>>> print(open('target.txt').read())   # compact mmCIF, N, CA and C atoms
# COMPACT_ATOMS: atom_id res chain seq x y z
N MET F 1 106.06 229.27 146.56
CA MET F 1 106.47 229.08 145.18
C MET F 1 107.87 228.47 145.16
N ASN F 2 108.07 227.50 144.31
CA ASN F 2 109.38 226.89 144.11
C ASN F 2 110.33 227.95 143.55
N PRO F 3 111.47 228.23 144.21
CA PRO F 3 112.35 229.30 143.74
C PRO F 3 112.93 229.04 142.35
N THR F 4 112.95 227.81 141.88
CA THR F 4 113.46 227.54 140.54
C THR F 4 112.42 227.80 139.47
N LEU F 5 111.18 228.04 139.87
CA LEU F 5 110.11 228.28 138.90
C LEU F 5 109.56 229.70 139.01
N ARG F 6 110.44 230.65 139.20
CA ARG F 6 110.00 232.04 139.30
C ARG F 6 109.48 232.54 137.95
N PRO F 7 108.46 233.37 137.96
CA PRO F 7 108.01 233.93 136.69
C PRO F 7 109.09 234.86 136.13
N PRO F 8 109.22 234.93 134.81
CA PRO F 8 110.23 235.81 134.23
C PRO F 8 109.91 237.26 134.53
N THR F 9 110.93 238.06 134.62
CA THR F 9 110.73 239.49 134.81
C THR F 9 110.97 240.19 133.49
N CYS F 10 110.26 241.25 133.28
CA CYS F 10 110.39 242.01 132.04
C CYS F 10 110.91 243.40 132.36
N ALA F 11 111.63 243.96 131.41
CA ALA F 11 112.18 245.30 131.59
C ALA F 11 111.07 246.34 131.64
N SER F 12 109.97 246.08 130.99
CA SER F 12 108.87 247.03 131.02
C SER F 12 107.56 246.26 131.12
N SER F 13 106.55 246.92 131.61
CA SER F 13 105.24 246.32 131.77
C SER F 13 104.26 247.02 130.85
N PRO F 14 103.10 246.39 130.61
CA PRO F 14 102.10 247.07 129.79
C PRO F 14 101.72 248.42 130.39
N SER F 15 101.44 249.35 129.55
CA SER F 15 101.03 250.68 130.00
C SER F 15 99.69 250.60 130.71
N PRO F 16 99.42 251.54 131.62
CA PRO F 16 98.12 251.54 132.28
C PRO F 16 97.00 251.60 131.24
N GLY F 17 95.95 250.84 131.49
CA GLY F 17 94.83 250.83 130.57
C GLY F 17 94.91 249.75 129.51
N HIS F 18 96.06 249.09 129.37
CA HIS F 18 96.17 248.00 128.41
C HIS F 18 95.70 246.71 129.05
N VAL F 19 95.02 245.91 128.28
CA VAL F 19 94.53 244.63 128.76
C VAL F 19 95.59 243.58 128.47
N VAL F 20 95.95 242.82 129.48
CA VAL F 20 96.90 241.73 129.31
C VAL F 20 96.10 240.46 129.05
N PRO F 21 96.32 239.80 127.91
CA PRO F 21 95.54 238.60 127.61
C PRO F 21 95.83 237.47 128.59
N GLN F 22 94.83 236.65 128.81
CA GLN F 22 94.99 235.48 129.66
C GLN F 22 95.40 234.31 128.79
N PRO F 23 96.42 233.57 129.18
CA PRO F 23 96.87 232.46 128.33
C PRO F 23 96.03 231.21 128.49
N SER F 24 96.01 230.43 127.44
CA SER F 24 95.51 229.07 127.48
C SER F 24 96.76 228.21 127.68
N ILE F 25 96.73 227.33 128.66
CA ILE F 25 97.90 226.50 128.96
C ILE F 25 97.61 225.09 128.45
N ARG F 26 98.53 224.59 127.64
CA ARG F 26 98.35 223.29 127.01
C ARG F 26 99.58 222.42 127.20
N HIS F 27 99.36 221.14 127.29
CA HIS F 27 100.47 220.20 127.28
C HIS F 27 100.83 219.94 125.81
N SER F 28 102.10 220.03 125.50
CA SER F 28 102.57 219.79 124.13
C SER F 28 103.59 218.67 124.17
N PRO F 29 103.27 217.54 123.58
CA PRO F 29 104.23 216.44 123.58
C PRO F 29 105.46 216.77 122.74
N ALA F 30 106.55 216.13 123.05
CA ALA F 30 107.80 216.37 122.33
C ALA F 30 107.65 216.02 120.86
N ASP F 31 108.24 216.84 120.02
CA ASP F 31 108.32 216.59 118.59
C ASP F 31 109.72 216.03 118.33
N ARG F 32 109.80 214.80 117.98
CA ARG F 32 111.10 214.16 117.77
C ARG F 32 111.44 214.00 116.29
N ASP F 33 110.57 214.53 115.41
CA ASP F 33 110.76 214.33 113.98
C ASP F 33 111.20 215.59 113.22
N SER F 34 110.65 216.73 113.57
CA SER F 34 110.91 217.96 112.83
C SER F 34 112.29 218.51 113.15
N LEU F 35 112.93 219.10 112.17
CA LEU F 35 114.23 219.72 112.42
C LEU F 35 114.06 221.04 113.17
N LEU F 36 113.07 221.83 112.80
CA LEU F 36 112.79 223.09 113.50
C LEU F 36 111.66 222.88 114.50
N ARG F 37 111.87 222.02 115.44
CA ARG F 37 110.83 221.70 116.41
C ARG F 37 110.81 222.74 117.54
N TRP F 38 109.62 223.16 117.88
CA TRP F 38 109.49 224.14 118.96
C TRP F 38 109.33 223.45 120.31
N ALA F 39 109.05 222.15 120.30
CA ALA F 39 108.93 221.40 121.55
C ALA F 39 109.83 220.17 121.46
N PRO F 40 111.12 220.32 121.70
CA PRO F 40 112.02 219.17 121.61
C PRO F 40 111.82 218.18 122.75
N VAL F 41 111.17 218.60 123.82
CA VAL F 41 110.82 217.74 124.95
C VAL F 41 109.36 218.05 125.31
N ASP F 42 108.74 217.20 126.11
CA ASP F 42 107.38 217.50 126.57
C ASP F 42 107.39 218.84 127.29
N VAL F 43 106.45 219.71 126.94
CA VAL F 43 106.40 221.04 127.53
C VAL F 43 104.95 221.44 127.79
N PHE F 44 104.80 222.49 128.55
CA PHE F 44 103.54 223.18 128.64
C PHE F 44 103.67 224.43 127.79
N SER F 45 102.71 224.66 126.94
CA SER F 45 102.75 225.85 126.10
C SER F 45 101.69 226.83 126.58
N PHE F 46 102.02 228.08 126.45
CA PHE F 46 101.14 229.17 126.84
C PHE F 46 100.70 229.87 125.56
N VAL F 47 99.44 229.74 125.23
CA VAL F 47 98.91 230.30 124.00
C VAL F 47 98.13 231.56 124.34
N LEU F 48 98.51 232.66 123.71
CA LEU F 48 97.82 233.93 123.94
C LEU F 48 96.95 234.27 122.74
N TYR F 49 95.70 234.51 122.99
CA TYR F 49 94.80 234.97 121.95
C TYR F 49 94.58 236.46 122.18
N HIS F 50 94.68 237.22 121.14
CA HIS F 50 94.41 238.65 121.28
C HIS F 50 93.82 239.17 119.98
N LYS F 51 93.18 240.28 120.10
CA LYS F 51 92.58 240.94 118.95
C LYS F 51 93.26 242.29 118.81
N GLN F 52 93.66 242.60 117.59
CA GLN F 52 94.29 243.90 117.38
C GLN F 52 93.78 244.50 116.09
N ARG F 53 93.93 245.78 116.00
CA ARG F 53 93.54 246.47 114.77
C ARG F 53 94.53 246.13 113.67
N ASN F 54 94.09 246.26 112.43
CA ASN F 54 94.92 245.96 111.28
C ASN F 54 95.59 247.24 110.78
N THR F 55 96.48 247.77 111.63
CA THR F 55 97.23 248.98 111.27
C THR F 55 98.70 248.76 111.53
N GLN F 56 99.55 249.55 110.90
CA GLN F 56 100.98 249.44 111.13
C GLN F 56 101.32 249.75 112.57
N SER F 57 100.65 250.73 113.15
CA SER F 57 100.90 251.09 114.54
C SER F 57 100.57 249.93 115.49
N ALA F 58 99.43 249.30 115.27
CA ALA F 58 99.04 248.17 116.12
C ALA F 58 100.02 247.01 115.94
N ASP F 59 100.48 246.79 114.72
CA ASP F 59 101.43 245.71 114.47
C ASP F 59 102.77 246.01 115.13
N ARG F 60 103.22 247.26 115.10
CA ARG F 60 104.47 247.63 115.78
C ARG F 60 104.35 247.40 117.28
N GLN F 61 103.22 247.79 117.85
CA GLN F 61 103.00 247.60 119.29
C GLN F 61 102.98 246.12 119.64
N ALA F 62 102.30 245.31 118.84
CA ALA F 62 102.27 243.86 119.08
C ALA F 62 103.68 243.29 118.95
N GLY F 63 104.46 243.82 118.02
CA GLY F 63 105.83 243.36 117.86
C GLY F 63 106.66 243.60 119.11
N LYS F 64 106.46 244.74 119.75
CA LYS F 64 107.22 245.06 120.97
C LYS F 64 106.93 244.05 122.08
N TRP F 65 105.64 243.83 122.37
CA TRP F 65 105.36 242.92 123.49
C TRP F 65 105.64 241.48 123.10
N THR F 66 105.53 241.15 121.80
CA THR F 66 105.87 239.79 121.38
C THR F 66 107.35 239.52 121.60
N ARG F 67 108.21 240.47 121.25
CA ARG F 67 109.65 240.28 121.46
C ARG F 67 109.98 240.15 122.95
N MET F 68 109.25 240.87 123.80
CA MET F 68 109.44 240.73 125.25
C MET F 68 109.06 239.32 125.69
N LEU F 69 107.95 238.79 125.18
CA LEU F 69 107.52 237.45 125.55
C LEU F 69 108.48 236.39 125.00
N VAL F 70 108.99 236.60 123.80
CA VAL F 70 109.97 235.65 123.24
C VAL F 70 111.21 235.64 124.11
N ASP F 71 111.69 236.82 124.52
CA ASP F 71 112.85 236.86 125.42
C ASP F 71 112.57 236.12 126.72
N ALA F 72 111.37 236.31 127.28
CA ALA F 72 111.02 235.62 128.52
C ALA F 72 111.02 234.10 128.32
N ALA F 73 110.46 233.64 127.21
CA ALA F 73 110.46 232.20 126.92
C ALA F 73 111.88 231.68 126.76
N LEU F 74 112.71 232.41 126.02
CA LEU F 74 114.10 231.99 125.82
C LEU F 74 114.86 231.96 127.14
N ASP F 75 114.64 232.96 127.99
CA ASP F 75 115.32 233.01 129.28
C ASP F 75 114.93 231.84 130.19
N CYS F 76 113.76 231.27 129.95
CA CYS F 76 113.30 230.12 130.73
C CYS F 76 113.60 228.79 130.03
N GLY F 77 114.36 228.84 128.93
CA GLY F 77 114.69 227.62 128.21
C GLY F 77 113.64 227.17 127.21
N GLY F 78 112.69 228.04 126.91
CA GLY F 78 111.63 227.69 125.96
C GLY F 78 111.87 228.24 124.57
N ARG F 79 110.88 228.09 123.74
CA ARG F 79 110.91 228.56 122.36
C ARG F 79 109.56 229.16 122.03
N HIS F 80 109.54 229.95 120.98
CA HIS F 80 108.27 230.48 120.49
C HIS F 80 107.82 229.67 119.28
N TYR F 81 106.53 229.68 119.03
CA TYR F 81 105.95 228.91 117.95
C TYR F 81 106.05 229.71 116.66
N LEU F 82 106.57 229.10 115.61
CA LEU F 82 106.90 229.83 114.39
C LEU F 82 105.75 230.24 113.48
N PRO F 83 104.72 229.46 113.28
CA PRO F 83 103.79 229.78 112.20
C PRO F 83 103.00 231.08 112.33
N TYR F 84 103.13 231.77 113.43
CA TYR F 84 102.36 233.00 113.58
C TYR F 84 103.14 234.20 113.07
N ARG F 85 103.02 235.31 113.73
CA ARG F 85 103.65 236.55 113.27
C ARG F 85 105.17 236.46 113.33
N LEU F 86 105.83 237.20 112.47
CA LEU F 86 107.29 237.17 112.39
C LEU F 86 107.89 238.35 113.15
N HIS F 87 107.46 238.53 114.39
CA HIS F 87 107.92 239.66 115.20
C HIS F 87 109.25 239.40 115.89
N ALA F 88 109.61 238.15 116.09
CA ALA F 88 110.88 237.87 116.75
C ALA F 88 112.03 238.39 115.89
N THR F 89 113.09 238.82 116.54
CA THR F 89 114.26 239.28 115.79
C THR F 89 115.00 238.07 115.22
N PRO F 90 115.83 238.27 114.20
CA PRO F 90 116.64 237.16 113.71
C PRO F 90 117.51 236.55 114.81
N ALA F 91 118.03 237.36 115.71
CA ALA F 91 118.85 236.83 116.82
C ALA F 91 118.00 235.96 117.74
N GLN F 92 116.77 236.38 118.03
CA GLN F 92 115.88 235.57 118.86
C GLN F 92 115.57 234.25 118.17
N PHE F 93 115.31 234.32 116.87
CA PHE F 93 115.02 233.11 116.11
C PHE F 93 116.18 232.12 116.19
N LEU F 94 117.39 232.58 115.95
CA LEU F 94 118.55 231.69 115.97
C LEU F 94 118.82 231.15 117.37
N ARG F 95 118.52 231.93 118.38
CA ARG F 95 118.68 231.45 119.76
C ARG F 95 117.65 230.37 120.07
N ALA F 96 116.43 230.56 119.60
CA ALA F 96 115.35 229.59 119.86
C ALA F 96 115.50 228.34 119.01
N TYR F 97 116.01 228.50 117.81
CA TYR F 97 116.10 227.39 116.86
C TYR F 97 117.53 227.23 116.38
N PRO F 98 118.40 226.69 117.23
CA PRO F 98 119.81 226.54 116.84
C PRO F 98 119.99 225.59 115.66
N GLU F 99 118.96 224.79 115.34
CA GLU F 99 119.03 223.88 114.20
C GLU F 99 118.77 224.59 112.87
N ALA F 100 118.51 225.89 112.92
CA ALA F 100 118.15 226.64 111.71
C ALA F 100 119.24 226.56 110.64
N ARG F 101 120.48 226.65 111.03
CA ARG F 101 121.56 226.59 110.03
C ARG F 101 121.59 225.22 109.33
N GLU F 102 121.37 224.17 110.11
CA GLU F 102 121.32 222.82 109.52
C GLU F 102 120.13 222.70 108.57
N PHE F 103 118.97 223.23 108.98
CA PHE F 103 117.79 223.22 108.13
C PHE F 103 118.04 224.01 106.85
N ALA F 104 118.64 225.20 106.97
CA ALA F 104 118.90 226.04 105.80
C ALA F 104 119.87 225.36 104.84
N ALA F 105 120.87 224.68 105.37
CA ALA F 105 121.83 223.96 104.52
C ALA F 105 121.13 222.82 103.78
N LEU F 106 120.26 222.09 104.48
CA LEU F 106 119.52 221.00 103.85
C LEU F 106 118.63 221.54 102.74
N LYS F 107 117.90 222.62 103.03
CA LYS F 107 117.02 223.20 102.01
C LYS F 107 117.83 223.69 100.81
N SER F 108 118.98 224.26 101.05
CA SER F 108 119.81 224.74 99.94
C SER F 108 120.26 223.59 99.04
N ARG F 109 120.45 222.41 99.63
CA ARG F 109 120.84 221.25 98.81
C ARG F 109 119.67 220.74 97.97
N VAL F 110 118.46 220.72 98.54
CA VAL F 110 117.31 220.19 97.80
C VAL F 110 116.59 221.25 96.97
N ASP F 111 116.84 222.51 97.23
CA ASP F 111 116.22 223.62 96.48
C ASP F 111 117.27 224.69 96.19
N PRO F 112 118.27 224.35 95.35
CA PRO F 112 119.38 225.29 95.13
C PRO F 112 118.97 226.59 94.45
N THR F 113 117.85 226.61 93.75
CA THR F 113 117.41 227.85 93.11
C THR F 113 116.48 228.66 94.01
N ASN F 114 116.22 228.17 95.22
CA ASN F 114 115.38 228.87 96.20
C ASN F 114 113.97 229.13 95.67
N ARG F 115 113.46 228.14 94.95
CA ARG F 115 112.12 228.26 94.38
C ARG F 115 111.04 228.25 95.46
N PHE F 116 111.24 227.42 96.49
CA PHE F 116 110.25 227.30 97.55
C PHE F 116 110.69 228.12 98.75
N ARG F 117 110.04 229.24 98.94
CA ARG F 117 110.38 230.12 100.06
C ARG F 117 109.13 230.87 100.48
N ASN F 118 109.20 231.47 101.65
CA ASN F 118 108.09 232.24 102.17
C ASN F 118 108.66 233.36 103.04
N GLN F 119 107.79 234.08 103.73
CA GLN F 119 108.25 235.20 104.55
C GLN F 119 109.13 234.74 105.70
N LEU F 120 108.83 233.57 106.28
CA LEU F 120 109.67 233.06 107.36
C LEU F 120 111.08 232.81 106.82
N TRP F 121 111.19 232.19 105.65
CA TRP F 121 112.51 231.95 105.04
C TRP F 121 113.22 233.28 104.81
N ASP F 122 112.51 234.23 104.22
CA ASP F 122 113.13 235.52 103.90
C ASP F 122 113.62 236.24 105.15
N ARG F 123 112.85 236.20 106.22
CA ARG F 123 113.22 236.94 107.43
C ARG F 123 114.32 236.25 108.24
N TYR F 124 114.25 234.94 108.36
CA TYR F 124 115.16 234.25 109.28
C TYR F 124 116.13 233.27 108.63
N LEU F 125 115.67 232.48 107.71
CA LEU F 125 116.46 231.35 107.24
C LEU F 125 117.40 231.68 106.10
N GLY F 126 117.06 232.65 105.28
CA GLY F 126 117.97 233.03 104.20
C GLY F 126 119.32 233.44 104.75
N ALA F 127 119.31 234.20 105.84
CA ALA F 127 120.57 234.62 106.47
C ALA F 127 121.27 233.44 107.14
N ALA F 128 120.51 232.46 107.63
CA ALA F 128 121.12 231.30 108.30
C ALA F 128 121.82 230.40 107.32
N SER F 129 121.46 230.51 106.02
CA SER F 129 122.08 229.62 105.03
C SER F 129 123.39 230.17 104.51
N THR F 130 123.74 231.38 104.89
CA THR F 130 125.00 231.97 104.40
C THR F 130 126.10 231.85 105.42
>>> encode(input="target.txt", output="structure tokens")
Amino acid sequence: MNPTLRPPTCASSPSPGHVVPQPSIRHSPADRDSLLRWAPVDVFSFVLYHKQRNTQSADRQAGKWTRMLVDAALDCGGRHYLPYRLHATPAQFLRAYPEAREFAALKSRVDPTNRFRNQLWDRYLGAAST
């Protein structure tokens, strides 16, 4: 194994009896147009499909391992894909998307009354605009 391509290490591992999903690996071409681009250069993306119960407990558990995976991606110079669950912390979001403040400032200029917003804006971008 190339020593510069070591797999990330995590502070904790899944508990015994938990199934670790197998990723789908995809080539993702660079996005040179979007301000909040998750692939600023050509990358390989690892897509995890999983099934979980629709309970607060299951969502909290998914949030824990999602934040671990986001940290692993960030530690390797990657980013997480935004349109899914909002489990990443605001600090993780700002680390992954340093353009967020610029995006929030632009949106504030074109939407000063904050008419167009969603949960992603409320969780991450509203704070980036202040």
>>> atom_distance(input="target.txt", atom1="atom N of Lys64 (chain F)", atom2="CA of Leu94 (chain F)")
18.2 Å
>>> atom_distance(input="target.txt", atom1="atom C of Gly63 (chain F)", atom2="atom N of Leu106 (chain F)")
29.4 Å
>>> residues_around(input="target.txt", residues="Leu36 (chain F)", least_positions_apart="6", cutoff="6.5 Å", atoms="only N, CA and C atoms", output="VMD selection string")
chain F and resid 97 99 to 100
>>> residues_around(input="target.txt", residues="Trp38 (chain F)", least_positions_apart="3", cutoff="8 Å", atoms="only C-alpha atoms", output="ChimeraX atom specification")
/F:31,79-82,97
>>> residues_around(input="target.txt", residues="Phe44 (chain F)", least_positions_apart="6", cutoff="5 Å", atoms="all atoms listed in the file", output="MDAnalysis selection string")
chainID F and resid 26:28
>>> closest_residue(input="target.txt", among="F:Ala88, F:Ala30, F:Ala62, F:Val41", to="Arg123 (chain F)", atoms="only C-alpha atoms")
F:Ala88
>>> select_by_dssp(input="target.txt", residues="chain F", states="strand (DSSP E or B)", output="count of residues only")
12
>>> atom_distance(input="target.txt", atom1="atom N of Thr113 (chain F)", atom2="atom N of Arg101 (chain F)")
17.5 Å
>>> select_by_dssp(input="target.txt", residues="region 43-87 of chain F", states="helix (DSSP H, G or I)", output="ChimeraX atom specification")
/F:56-75
>>> axis_aligned_box(input="target.txt", around="region 32-35 of chain F", padding_each_side="4 Å", output="lines of an AutoDock Vina configuration file")
center_x = 112.0
center_y = 217.5
center_z = 115.1
size_x = 12.4
size_y = 15.0
size_z = 13.8
>>> closest_residue(input="target.txt", among="F:Arg95, F:Ala58, F:Pro29, F:Tyr84", to="Val43 (chain F)", atoms="only N, CA and C atoms")
F:Pro29
>>> closest_residue(input="target.txt", among="F:Cys76, F:Leu120, F:Ile25, F:Ala104", to="Val47 (chain F)", atoms="all atoms listed in the file")
F:Ile25
